[in-house]
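Report on one structure; see the data block that follows.
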Number of protein chains: 2
Amino acid sequence: MADTIKYLLEEKDIPKTWYNIAADLPKPLPPVLHPGTGKPIGPDDLAPIFPMSLIMQEVSTDREIEIPEPVRQIYRQWRPSPLYRARRLEKALGTPARIYYKYEGVSPAGSHKPNTAVAQAFYNKEAGVKRLTTETGAGQWGSSLAFAGSLFGLEIEVFMVKVSYQQKPYRRALMETYGARCIASPSEETASGRSILARTPNSTGSLGIAISEAVERAVQRDDTKYALGSVLNHVLTHQTIIGIEAMKQLEMADDYPDVIVGCTGGGSNFAGIAFPFIGAGLRGGRKPRIVAVEPSSCPSLTKGRYAYDFGDTAHLTPLVKMHTLGSTFVPPGFHAGGLRYHGMAPLVSHVKELGLIDAVAYPQLSIFEAGVTFAKAEGIVPAPEANHAVRAAIDEALRCKREGRSEAILFNLCGHGHFDMQAYIDYFAGKLVDQPYDEKELAMALAGLPSVAAE
Amino acid sequence: MADTIKYLLEEKDIPKTWYNIAADLPKPLPPVLHPGTGKPIGPDDLAPIFPMSLIMQEVSTDREIEIPEPVRQIYRQWRPSPLYRARRLEKALGTPARIYYKYEGVSPAGSHKPNTAVAQAFYNKEAGVKRLTTETGAGQWGSSLAFAGSLFGLEIEVFMVKVSYQQKPYRRALMETYGARCIASPSEETASGRSILARTPNSTGSLGIAISEAVERAVQRDDTKYALGSVLNHVLTHQTIIGIEAMKQLEMADDYPDVIVGCTGGGSNFAGIAFPFIGAGLRGGRKPRIVAVEPSSCPSLTKGRYAYDFGDTAHLTPLVKMHTLGSTFVPPGFHAGGLRYHGMAPLVSHVKELGLIDAVAYPQLSIFEAGVTFAKAEGIVPAPEANHAVRAAIDEALRCKREGRSEAILFNLCGHGHFDMQAYIDYFAGKLVDQPYDEKELAMALAGLPSVAAE
C-alpha cells in the first residue's frame, strides 16, 4: 500500500530565528496611522497595550528575529511539527500531484496559534506584565493564549464572541482547564460592550467587538497588556516557523512546492507557511504560486477594499491599511469562526497588492465535503478553518489530474477539528447551508470607512 | 525554566515485533472454556468471529510476533509516539521524583486504540473479510476501528453504549466522518438488543450488552467478523509497542522506571506499557513496581472475584478466567466510559494473581483534580480514563516528596480528552459526584457467576 509519508526533523532542527518578510519587500508597508491626527504612529503610541519588545518586532526590518531560548524550549514539546506527503489522499483522488501538508494540530491547543501565544506570553512576562487580555472567535486563539499563560504564570482574560461562547462549550472548558477566565462578548464589563448591548441587547458578538473589549480592559490597568492572535506583523513573523520547518522537510523529500495553499482569516497561518517561500523567491529563488483561501461569506481579500480601517468595532485601535470589508461588517454565522474577521493582515494585504499571491473564496458546503474526503484518507479531521485550505489543495490536485501534470502542492493544515464536531454533525445532517453575506451591509460598511481611506 | 523534555525516536526505531508475555509467564494462562461443555475451546471454535491469523496470535506462546510491514507503515503516521519527562509537572508538585509519560494521544483517533485497530483491520482484510462489527463505550475504540476501517476499505458497524451515544455526539460524529455506521445499544437490530429492550425499555446500555450485539451481528454474516478493543491476548500484545518504545526512549534519557502506572478498564493500555517491563523482569532484569489504576465505581481488580465468567451480558462469548464483577454488573454512570467493564483482561488478571502487579482504585473527583493539575502544567488535557493514571502517578510523586526519594515514575497517558470536555465542564460546575457501586448489585452479580467458577 502506497502510504502517507511523514517527514520529521530532529529537535536540533527547530529554527533559531523567525523570518521577517519586511526585510525583503520591494516596497515598504504603508505606515500605521493615528486615527485622531492621521499621522503615522510611533512605538510609544502602542506602549499602553503591548510590551516594547513586541512593538520593536512589529516595526523591525531585520530579516531574522531570534527566537528566545525559553520559547524554543517550549516549542520542543510539539515542534518540529510533522510534514506529511498525503499519499493516501493522492490515491483517493487519482491525481499525479504530490500533496504535502504541514500539520500544526499537534500542539497542545490543537492549532498553529501557540507558536505566537508562547512567544507573546514570554515577552510580556519578561516585561513584568501580570495579566493579558484577548479576544477569540472559534476559540483556537483563546485556548492557545490560555495554555501559554498557564506556563508563564500570567492571568488570561478571554473575550469570546458570544455565539461561539454558547455554541462551543468544549473550547471554553479547555480555556478554563488551563486556568483562564472566559467572558462572553459583548459583555457588561466594558464600556464598548455595554454600548453594544444598549443598542443591540441580543447581539451575538463579533471579533471586532471582542477586540474592542479586550483592548479597553488592557488600557485600564497598568499591570495588564493586550495580545492579538493574528493580523499584526509580529504575530505573522512568529508563525513563519511553520514555513521554515516545511522548507527543511521538503529538502528531506528532495522536493519544492509548485503551489502553496493556506486559509486566511486574519492571515497568520497563511503567512506562516507562505512568507518564507515568498521571501526566498524575492531573494532570487524559485517562485511557487501562492494561494490564500477565504470563506465566501467573509471575503476580505477577494471582495474587500484595500484601504485604511480600524481593527475593531469601537475604533480603539490605530488605522491600518488592509483589505477590509469595513469594521462594521458582520459576516453570517458560518462554521469557521476563526475566519470571521472584517480585515486582513496588513502584510498579507500588501503582498496581495504587490501581486505576490492569489486569493480564492469558497462557500462552506464545499469545504466540508473536502474535509470529509481528507479525513477518510488521512485520518485527521481538520478544523473548519483548515478545510478551506484542504478544499483548495484538493482542487489544485484535481486540476493536475485533468492537465496530467505532477505538481507539488503544499498546504498548511493549521488545526484539528476535535472541538468543532458540531459543524460536522450539522453537515452530515444536511443543516449546513451556504450563507452569502448581505450585499447592502457590505456596501454600507465600505461606505463607512474612515476618511483617510481616500488618501 | 526547567522545561518538559521530549524523547523522540526515529521512524527506523519503530519496533518490528510486538511482545507476547505468554512466552515468559512462570505459569500458563488458564484455558478458555466452552460454556456448554466446560471444556477448553480450540482455534476452530473462534473461527466464526475472528480471522485465523488473530486466533493463532491469541494462543501463541512465541515471545516476538512480527508486525506486518503495512501495519508498521501506517503506524509511522504518528509513531514512535513521544515520551516526555514532565519537568513542569515535577516543579508544580515540588517533587524530587522524575516523572515520565508516554503520550498515545498523538494518533489520529486520539488514543492508543489504533495500535490494535490497524492491526486487526489488516489481518481481517487479508482474510477477505468485508465488514467488522464492534462495541464502544466512550468511543475511543469505535473511532479507532472506524479510522482503521477507512484505511483498509472495510465497512465498520459500531454498537455504542446508549448513554455514551447520547452524551458524546462528537465521538459519534468522528466515527461517521471516518465512514462508520454507529448504532445506539441496546438496539432493535439484534435478538440480544431486543431482549434487553423488552425487559428494560429505557436501558442506557453497557459494554457487556454492546459486545453481545456486535458478536451476534458478526456471527450472522459470512463476510463479517468481530473486533474487540481490549481484554483479549492478541489485543494486549498489539499494545506492547507502547512499552517497547518507552524502554528505548528511557535508554535515551539514561533512566529506568522504579514505578510504572497505567489505568485499567479492559486492560490493554496498561498491558501495553507494563508487559515489556514485566517480561524483562521475568527474564532476570530489573523489576519495577507496577500499578494498575481503576475507577472505584467499577473495581474489577480490587473488588472483583478471580473466576470464570462471560465477556458479555447475553453470554455469547466463551468463558474466560479473569477478575470480574459478574457479567450482569452495571457500574454507575461515571465519566470514564472506557473503564466501565465488568471484567479484566485474563492476562492482566493472571499477572495480578502471580503477584507481579499491584492495583489501586480511585473515585472520580480525585482523578479530575489530578487531570486539571496535569493540564495546567503540561498543556495536554487527558481523557478521563487517563486521569486515573495521572492521579496515581501524582500520588507516587508526592510520596517521593514526603520520603525525600528521587524515583523514576513512568505512566501511560493513553489519550487526550478533547471529546470528553463535558466531563470537565461538569467537574468545574461541581456537578460531578463520587458514585459508589451498588453493593447488593455486586453481590448478586457475583452470586450469578457461572458454575464452572467453583472449579
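Please note that chains go A, B, ... in the order of the C-alpha cells, that every chain numbers its residues from 1, and that ligands are numbered from 1 in the order shown.
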*Do me a favour and pick out the residues of chain A within 6 Å of chain B, using only C-alpha atoms, as a list in words.*
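Putting it all together, I get Pro108, Ser150, Tyr170, Ala173, Tyr178, Lys376, Gly379, Ile380, Met421 and Ile425 of chain A.
Once Gln220 (chain A) and its same-chain neighbours fewer than 3 positions away are set aside, Pro48, Ile49, Arg131, Thr133, Glu189, Thr190, Ala191, Glu213, Ala214, Val215, Glu216, Arg217, Asp223, Thr224, Lys225 and Tyr226 of chain A remain within 12 Å of it when counting only C-alpha atoms.
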*Pull the alpha helix (DSSP H) assignments for region 210-317 of chain A out of DSSP run on the backbone, and list those residues as a PyMOL selection string.*
chain A and resi 210-220+233-239+241-252+268-282+300-303
_Just to confirm, what's the straight-line distance from CA of Ser300 (chain B) to CA of Gly205 (chain B) in Å (one decimal)?_
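Separating CA of Ser300 (chain B) from CA of Gly205 (chain B) is a distance of 18.8 Å.
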*asked:* Measuring between only C-alpha atoms, which one of A:Ala184, A:Leu132, A:Met247, A:Ala92 shows the shortest distance to Ala370 (chain A)?
replied: A:Ala92
*asked:* Please return, as a ChimeraX atom specification, all residues of region 292-410 of chain A that DSSP assigns to strand (DSSP E or B) on the basis of the backbone.
replied: /A:292-295,305-310,319-324,343,358-362,382,408-410
_Test item: residues at most 10 Å from Ala119 (chain B), only C-alpha atoms, excluding those fewer than 6 positions along its chain, as a ChimeraX atom specification_ = /B:54,67-68,70-72,74-75,125,145,148,234-235,238
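Put simply, CA of Ala345 (chain A) is 10.2 Å away from CA of Phe270 (chain A).
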